[in-house]
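Worksheet for the structure shown next.
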Amino acid sequence: MTTTDPLAGLPPVPSEARFLARADLQTLIDVLHEDDRRVIGPRVADGTIVLDEIASVADLPAGWGATQEPGRFTLERRTDEKLFEYNVGPMSWKGYTFPATAPLTSVRRTAEGVAYEPATRVIPKLAFLGVRACEIAALFVQDRVLLGGPFVDDDYRERRRSALVIAVQCTTAASTCFCASMGTGPEVRSGHDLVLTELTDGFVIDAGSDAGRAILARLPVSEATTEQIGDVIGAVSAARLSMHDGVVTVGLQDRLMANLDSPRWAQVAERCLTCTNCTSVCPTCFCTSVIQRSKIVGTASGSVRTWDSCFNPGFARVAGGSFRSRPRDRYRQWLTHKFSTWVDQFGTFGCVGCGRCIAWCPVGIDVREELAAIAPPIVPRVPPPSPAPIAATPTEFATARVTSTRTETADSTTLVLTETDPALIRTKPGQFVMLTLPAFPRLPISVSRVRPDGIELTIRAAGPATRALTQIKPGEVVGIRGPLGVGWPIERAMGRDVVIVTGGIGLAPLRPLIDAVLADRSRFGTFRIFYGARTRKDMLYKDELAVWASSPDVDLQLIVDRGDPDWLGRVGVVTQLFDQATWEGSKASAFVCGPERMMQNTVRTLFDRGLHGDRLFVTLERHMECGIGLCGHCQMGRFFVCKDGPVFSLAQLGDTFGREGI
Amino acid sequence: MENRDRAPVVESLTEIVAALSSTWFGASLPPETQARLAAMGRVRREPAGTELMQEGEIAEEFGVVLSGRIALRMLVPERGMVTILTVEPGDVVGWSAIVPPHRSTSTCVAIEPIEALMIDGAELRAALRSDHALAATLYPRVLQAVGRRLSATRLQLLDLFAREEFGRDSLRAW
């Protein structure tokens, strides 16, 4: 993701942070009421979260969360009673600062002729409660449009001036959120009078203006503890990290205008209903029309400004017809304005990454996808940072002691290695080590668990060296180098469904990934594991399989090639566990490990389920000697499996995957 | 699969059509074919352990599994009954009933309580002979189901987990 803000990624450290207990939030509302402010905030209504007048804390959506996807907004009951653990609903604060209709002038017929008078305005004194970082950014965008140009909109200025902004930092991110990539959130940095961050038992609260400080002084707050401030930073950072599908903004302005003839405009227009939902829910869209209303007797008339939309057929109409008669023209107008010509006009993007246009599009058009298809970014692949290995070169070996062993199957054994270098404890899921015994060749072995005191390796006796390793006795010492290679990109699966497909001993390199997902379960969607083996006796980690099978956190399905009479589970191949299923793969990331021939079938079946090659990862096994991409054994086309892999996405491998003789 | 936990099917014709259309096999069949199959079929419920067909015998019924699990077994001397495949909700059982010589290719045993929409083989064959639209829509789906099993069987035959773990071959030093 790219941002223009050099501070992005570093949450702002609250300056004079205070703690407001959950029970005292009502005092904040009372104080606002004492100041004659009406409080506008989130409330559950019409199956979603709307903005409305809030009389007391009881009106806020306690215990409600929401799942947002393209074309979908689903309210969900949470297990806690948090008030702000969701992102944005269909309404934005624009409805209060720039109302959908506003009277401009009134005209009266008088004895002398005609009198034009500016409309009288009643500006309510408001407090906005629960303004998210992206929404503050949207207010800034509209400030630039309506206050920063040659024409200053007085109505907007008065409404904006009279509203107090009480921000809430997001501690969760919907799949539709992409503020991080637009550089607008989730951290609230400016533009607020007060900012709250919700913790389990209350709020860390800080002021951002003199008005905010004056209110803060009237609240029953205590000094926030270092731990509470740490929790705030952690929670907001977690929301940032869980956003993946963003917009690459580098060069976007020019990339879009260079692609005015992309065939994608016509394709997206086949889905687009030109219903104007996107522009209505957008917090920055400001295009309007002026309509005339008159009394039927003709004594008075008035002009009223109303929201209009570039998707309306009449928006670009002249006497001879419309300049943008086709839906593709209107979609292009909207997208190029938001992400290109807005910059020419106002110096910022017209998009803040709130994701409303994605969730509230009735056909689920996702601007992020359209931008990536119409104006694809040129992004160099930045390898993720890996822990520095011990014994990095082929000439060195460190040692580790085998403290215990566990027989997994007739020919597989797990070694528990402790007394190792701390570097090995930082092994990332999917990484491997080079292991050696005196007089045997060095072997690449995947780490099958990372423990606080060491690592586990599960080895299958397939030849003399592996057999020697499975016969090691506790207390013996082995030579070790690592961790090496690129592991499973678990961060790419956050916020998405996770699918693991594996067979035989292929479960070993995936076990650290399973551990990591289960340890951080709430960051992922549905978690499915499909595991196949020759017979049930050949299954690894049988105790853990039993635990996972009964866990509500994971949907584990097993299958064997050959069923003995006592086996009441499924018999067949692993793809039969999901090739007739109905779940949608496009919301998932998949991780696959097993014999290469099995992985080929699995990958094809996952493609049929709608999984994209960019989110489908396999781990490859090749002959390795050095582990640092020098010795040449593991070369596979452009890649060295030991240093560029062993984990690859299918998009990386392209048609070299499964090709004979590479 | 997903529909294993579905509530028990009730036998009104519309409910049978609804049950059939929610299965993998029935979902892509045109409504006329779904209705025809439902009208010819009856919902059969059997406890675990029931032998539905025996290898080599005439397959009397063609069916679509609605819930439960069926094991396809073959007898191997000195090894006993070996389960070759399990059939899950949505898949077909007894396809031999509509493919000559109409003999079952394996022994089918319910290993969980099952519900299946079962259609008499002779009646279905007669319908397929006289109704070309029915035949033209049903046979491709049956072939797809059989082809899926054939391809799975080939992979099982490769015995991928046995020796060539991760595609290594026997030439390696270790």
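Chain labels run A, B, ... following the order of the structure tokens; each chain numbers its residues from 1, and ligands are numbered from 1 in the order shown.
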
Closest contacts (chain A/chain B, max 8 Å, only C-alpha atoms) as a tab-separated table:
```
residue	atom	partner	partner_atom	distance
A:Pro441	CA	B:Trp174	CA	7.3
A:Ala462	CA	B:Trp174	CA	7.2
A:Gly463	CA	B:Trp174	CA	4.5
A:Pro464	CA	B:Trp174	CA	5.3
A:Ala465	CA	B:Trp174	CA	5.1
A:Thr466	CA	B:Trp174	CA	6.6
A:Gly503	CA	B:Phe161	CA	7.4
A:Gly504	CA	B:Phe161	CA	5.8
A:Ile505	CA	B:Glu165	CA	7.9
A:Ala533	CA	B:Phe161	CA	6.7
A:Arg534	CA	B:Phe161	CA	5.9
A:Asp561	CA	B:Gln156	CA	5.8
A:Arg562	CA	B:Ile84	CA	6.2
A:Gly563	CA	B:Thr83	CA	4.7
A:Asp564	CA	B:Val82	CA	6.1
A:Pro565	CA	B:Met81	CA	6.7
A:Leu568	CA	B:Ile111	CA	6.3
A:Arg570	CA	B:Thr86	CA	5.4
A:Val571	CA	B:Leu85	CA	4.5
A:Gly572	CA	B:Leu85	CA	5.0
A:Val573	CA	B:Ala152	CA	5.8
A:Gln576	CA	B:Ala152	CA	7.9
A:Leu577	CA	B:Met1	CA	7.2
A:Phe578	CA	B:Met1	CA	7.5
A:Gln580	CA	B:Trp24	CA	6.0
A:Ala581	CA	B:Met1	CA	6.3
A:Thr582	CA	B:Glu2	CA	7.2
A:Gly594	CA	B:Phe166	CA	6.0
A:Pro595	CA	B:Phe166	CA	3.9
A:Glu596	CA	B:Gly167	CA	5.6
A:Arg597	CA	B:Gly167	CA	7.3
A:Met598	CA	B:Leu160	CA	7.4
A:Leu620	CA	B:Phe166	CA	7.6
A:Glu621	CA	B:Phe166	CA	6.0
A:Arg622	CA	B:Arg168	CA	7.5
```

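Those residues that approach Ala127 in chain B to within 12 Å, counting only C-alpha atoms, are Thr33, Arg36, Leu37, Ala39, Met40, Ile98, Ile119, Asp120, Gly121, Ala122, Glu123, Leu124, Ser130, Asp131, His132, Ala133, Leu134, Ala135, Ala136 and Leu138 of chain B; same-chain residues fewer than 3 positions away are not listed.
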
Point-to-point distance from CA of Val477 in chain A to CA of Val402 in chain A, Å rounded to tenths: 6.1 Å

Polymer residues at most 9 Å from range 643-651 of chain A, only C-alpha atoms, same-chain spacing of 6 or more positions, as a PyMOL selection string: chain A and resi 383+430-432+484-489+603+612-622+627-629+657

Selection to disk with N, CA and C atoms, as a JSON list (two decimals), in the first residue's frame:
```
[["chain", "number", "residue", "atom", "x", "y", "z"],
["A", 383, "PRO", "N", 10.26, -8.04, -0.83],
["A", 383, "PRO", "CA", 10.19, -9.25, -0.02],
["A", 383, "PRO", "C", 9.95, -8.92, 1.44],
["A", 430, "GLY", "N", 6.21, -21.68, 7.68],
["A", 430, "GLY", "CA", 6.56, -22.01, 6.30],
["A", 430, "GLY", "C", 8.05, -21.98, 6.01],
["A", 431, "GLN", "N", 8.84, -21.41, 6.94],
["A", 431, "GLN", "CA", 10.29, -21.40, 6.75],
["A", 431, "GLN", "C", 10.87, -22.77, 7.09],
["A", 432, "PHE", "N", 12.13, -23.00, 6.67],
["A", 432, "PHE", "CA", 12.73, -24.31, 6.91],
["A", 432, "PHE", "C", 14.13, -24.14, 7.50],
["A", 484, "LEU", "N", 15.46, -20.45, 7.14],
["A", 484, "LEU", "CA", 15.75, -20.07, 5.76],
["A", 484, "LEU", "C", 14.46, -19.98, 4.95],
["A", 485, "GLY", "N", 14.55, -19.24, 3.85],
["A", 485, "GLY", "CA", 13.44, -19.19, 2.89],
["A", 485, "GLY", "C", 12.35, -18.21, 3.26],
["A", 486, "VAL", "N", 11.39, -18.13, 2.38],
["A", 486, "VAL", "CA", 10.23, -17.24, 2.54],
["A", 486, "VAL", "C", 9.06, -18.09, 3.02],
["A", 487, "GLY", "N", 8.40, -17.64, 4.09],
["A", 487, "GLY", "CA", 7.31, -18.43, 4.66],
["A", 487, "GLY", "C", 5.96, -18.08, 4.06],
["A", 488, "TRP", "N", 4.92, -18.63, 4.70],
["A", 488, "TRP", "CA", 3.54, -18.36, 4.27],
["A", 488, "TRP", "C", 3.21, -16.90, 4.55],
["A", 489, "PRO", "N", 2.68, -16.14, 3.61],
["A", 489, "PRO", "CA", 2.37, -14.72, 3.85],
["A", 489, "PRO", "C", 1.05, -14.59, 4.60],
["A", 603, "VAL", "N", -4.91, -26.97, -6.91],
["A", 603, "VAL", "CA", -4.89, -25.60, -7.43],
["A", 603, "VAL", "C", -5.97, -25.41, -8.48],
["A", 612, "HIS", "N", -8.16, -16.51, -6.51],
["A", 612, "HIS", "CA", -7.25, -15.85, -7.43],
["A", 612, "HIS", "C", -5.83, -16.35, -7.19],
["A", 613, "GLY", "N", -5.06, -16.46, -8.26],
["A", 613, "GLY", "CA", -3.69, -16.97, -8.16],
["A", 613, "GLY", "C", -2.80, -16.15, -7.24],
["A", 614, "ASP", "N", -3.19, -14.91, -7.05],
["A", 614, "ASP", "CA", -2.42, -14.02, -6.21],
["A", 614, "ASP", "C", -2.60, -14.36, -4.73],
["A", 615, "ARG", "N", -3.65, -15.10, -4.42],
["A", 615, "ARG", "CA", -3.94, -15.45, -3.03],
["A", 615, "ARG", "C", -3.89, -16.95, -2.81],
["A", 616, "LEU", "N", -3.22, -17.64, -3.72],
["A", 616, "LEU", "CA", -3.14, -19.09, -3.63],
["A", 616, "LEU", "C", -1.66, -19.42, -3.50],
["A", 617, "PHE", "N", -1.30, -20.03, -2.39],
["A", 617, "PHE", "CA", 0.12, -20.23, -2.12],
["A", 617, "PHE", "C", 0.44, -21.72, -2.01],
["A", 618, "VAL", "N", 1.56, -22.11, -2.59],
["A", 618, "VAL", "CA", 2.01, -23.49, -2.48],
["A", 618, "VAL", "C", 3.43, -23.47, -1.93],
["A", 619, "THR", "N", 3.86, -24.56, -1.36],
["A", 619, "THR", "CA", 5.26, -24.66, -0.96],
["A", 619, "THR", "C", 5.88, -25.78, -1.77],
["A", 620, "LEU", "N", 7.07, -25.51, -2.30],
["A", 620, "LEU", "CA", 7.70, -26.48, -3.20],
["A", 620, "LEU", "C", 8.89, -27.14, -2.50],
["A", 621, "GLU", "N", 9.15, -28.36, -2.87],
["A", 621, "GLU", "CA", 10.28, -29.09, -2.32],
["A", 621, "GLU", "C", 11.23, -29.40, -3.48],
["A", 622, "ARG", "N", 12.49, -29.03, -3.31],
["A", 622, "ARG", "CA", 13.49, -29.34, -4.33],
["A", 622, "ARG", "C", 14.76, -29.76, -3.61],
["A", 627, "GLY", "N", 20.97, -23.57, 0.59],
["A", 627, "GLY", "CA", 19.91, -22.82, 1.26],
["A", 627, "GLY", "C", 19.98, -21.33, 1.06],
["A", 628, "ILE", "N", 20.91, -20.86, 0.22],
["A", 628, "ILE", "CA", 21.00, -19.41, -0.01],
["A", 628, "ILE", "C", 21.05, -19.06, -1.50],
["A", 629, "GLY", "N", 20.61, -19.97, -2.34],
["A", 629, "GLY", "CA", 20.47, -19.67, -3.76],
["A", 629, "GLY", "C", 21.76, -19.67, -4.55],
["A", 657, "PHE", "N", 4.55, -23.77, -12.82],
["A", 657, "PHE", "CA", 4.07, -24.70, -11.80],
["A", 657, "PHE", "C", 3.49, -25.94, -12.47]]
```

Spatial neighbours of Asp520 in chain A, 12 Å, only C-alpha atoms, chain gap at least 5 places, as a PyMOL selection string: chain A and resi 238+242+490-491+493-495+513-515+525+527+553

Those in range 471-607 of chain A with strand (DSSP E) from DSSP, as a PyMOL selection string: chain A and resi 477-484+497-503+527-533+555-560+570-571+588-593

Could you dump the residues just selected with N, CA and C atoms as a tab-separated table (two decimals), in the first residue's frame?
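As written to disk, part.tsv reads:
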```
chain	number	residue	atom	x	y	z
A	477	VAL	N	22.66	-34.27	19.72
A	477	VAL	CA	22.83	-32.92	19.17
A	477	VAL	C	22.88	-33.02	17.64
A	478	VAL	N	22.19	-32.08	16.98
A	478	VAL	CA	22.23	-32.05	15.52
A	478	VAL	C	22.82	-30.72	15.06
A	479	GLY	N	23.31	-30.70	13.83
A	479	GLY	CA	23.79	-29.46	13.22
A	479	GLY	C	22.62	-28.77	12.52
A	480	ILE	N	22.59	-27.45	12.64
A	480	ILE	CA	21.40	-26.75	12.13
A	480	ILE	C	21.78	-25.40	11.56
A	481	ARG	N	21.10	-24.98	10.48
A	481	ARG	CA	21.22	-23.64	9.91
A	481	ARG	C	19.82	-23.12	9.63
A	482	GLY	N	19.59	-21.87	9.91
A	482	GLY	CA	18.27	-21.34	9.57
A	482	GLY	C	17.80	-20.28	10.55
A	483	PRO	N	16.57	-19.84	10.50
A	483	PRO	CA	15.56	-20.26	9.53
A	483	PRO	C	15.81	-19.69	8.15
A	484	LEU	N	15.46	-20.45	7.14
A	484	LEU	CA	15.75	-20.07	5.76
A	484	LEU	C	14.46	-19.98	4.95
A	497	ASP	N	-11.25	-15.26	4.44
A	497	ASP	CA	-11.38	-16.67	4.77
A	497	ASP	C	-10.03	-17.35	4.51
A	498	VAL	N	-9.76	-18.42	5.26
A	498	VAL	CA	-8.50	-19.14	5.08
A	498	VAL	C	-8.82	-20.59	4.72
A	499	VAL	N	-8.18	-21.06	3.67
A	499	VAL	CA	-8.35	-22.44	3.24
A	499	VAL	C	-6.99	-23.11	3.24
A	500	ILE	N	-6.90	-24.25	3.91
A	500	ILE	CA	-5.66	-25.01	3.89
A	500	ILE	C	-5.97	-26.37	3.27
A	501	VAL	N	-5.21	-26.73	2.24
A	501	VAL	CA	-5.39	-28.04	1.62
A	501	VAL	C	-4.04	-28.75	1.68
A	502	THR	N	-4.03	-29.93	2.25
A	502	THR	CA	-2.74	-30.59	2.43
A	502	THR	C	-2.92	-32.10	2.42
A	503	GLY	N	-1.79	-32.77	2.20
A	503	GLY	CA	-1.84	-34.22	2.17
A	503	GLY	C	-0.59	-34.82	2.78
A	527	PHE	N	-12.39	-20.58	8.60
A	527	PHE	CA	-11.09	-21.27	8.52
A	527	PHE	C	-11.36	-22.73	8.19
A	528	ARG	N	-10.95	-23.14	6.99
A	528	ARG	CA	-11.21	-24.52	6.55
A	528	ARG	C	-9.89	-25.25	6.32
A	529	ILE	N	-9.81	-26.46	6.87
A	529	ILE	CA	-8.62	-27.29	6.64
A	529	ILE	C	-9.08	-28.58	5.98
A	530	PHE	N	-8.49	-28.92	4.85
A	530	PHE	CA	-8.79	-30.18	4.17
A	530	PHE	C	-7.50	-31.01	4.16
A	531	TYR	N	-7.57	-32.17	4.78
A	531	TYR	CA	-6.36	-32.97	4.93
A	531	TYR	C	-6.60	-34.38	4.42
A	532	GLY	N	-5.75	-34.80	3.50
A	532	GLY	CA	-5.85	-36.15	2.95
A	532	GLY	C	-4.62	-36.96	3.31
A	533	ALA	N	-4.79	-38.26	3.46
A	533	ALA	CA	-3.64	-39.12	3.74
A	533	ALA	C	-3.91	-40.48	3.11
A	555	ASP	N	-13.04	-25.54	10.53
A	555	ASP	CA	-13.79	-26.61	9.88
A	555	ASP	C	-12.76	-27.57	9.28
A	556	LEU	N	-12.51	-28.66	10.00
A	556	LEU	CA	-11.51	-29.62	9.55
A	556	LEU	C	-12.21	-30.79	8.87
A	557	GLN	N	-11.77	-31.13	7.68
A	557	GLN	CA	-12.34	-32.30	7.00
A	557	GLN	C	-11.20	-33.21	6.55
A	558	LEU	N	-11.38	-34.50	6.82
A	558	LEU	CA	-10.33	-35.48	6.56
A	558	LEU	C	-10.78	-36.44	5.47
A	559	ILE	N	-9.83	-36.99	4.74
A	559	ILE	CA	-10.16	-38.00	3.74
A	559	ILE	C	-8.95	-38.90	3.56
A	560	VAL	N	-9.20	-40.17	3.30
A	560	VAL	CA	-8.08	-41.11	3.09
A	560	VAL	C	-8.24	-41.78	1.73
A	570	ARG	N	-14.38	-40.02	5.31
A	570	ARG	CA	-14.48	-40.03	3.85
A	570	ARG	C	-13.30	-40.75	3.21
A	571	VAL	N	-13.58	-41.36	2.07
A	571	VAL	CA	-12.56	-42.04	1.28
A	571	VAL	C	-12.58	-41.43	-0.11
A	588	ALA	N	-11.28	-15.82	-0.13
A	588	ALA	CA	-10.36	-16.63	0.65
A	588	ALA	C	-8.91	-16.48	0.18
A	589	SER	N	-8.01	-16.81	1.08
A	589	SER	CA	-6.61	-17.06	0.72
A	589	SER	C	-6.37	-18.54	1.00
A	590	ALA	N	-5.63	-19.21	0.11
A	590	ALA	CA	-5.43	-20.64	0.27
A	590	ALA	C	-3.95	-20.98	0.38
A	591	PHE	N	-3.66	-21.98	1.19
A	591	PHE	CA	-2.28	-22.42	1.43
A	591	PHE	C	-2.25	-23.93	1.22
A	592	VAL	N	-1.39	-24.39	0.32
A	592	VAL	CA	-1.45	-25.77	-0.13
A	592	VAL	C	-0.08	-26.41	0.00
A	593	CYS	N	-0.04	-27.62	0.56
A	593	CYS	CA	1.22	-28.34	0.63
A	593	CYS	C	0.94	-29.84	0.52
```

Near-range 121-138 of chain A list (6 Å; only C-alpha atoms; drop same-chain fewer than 5 positions) as a ChimeraX atom specification: /A:37-41,159,162-169,184-186,188,283-284,352,354

All helix (DSSP H, G or I) positions in range 171-339 of chain A, as a count of residues only: 59
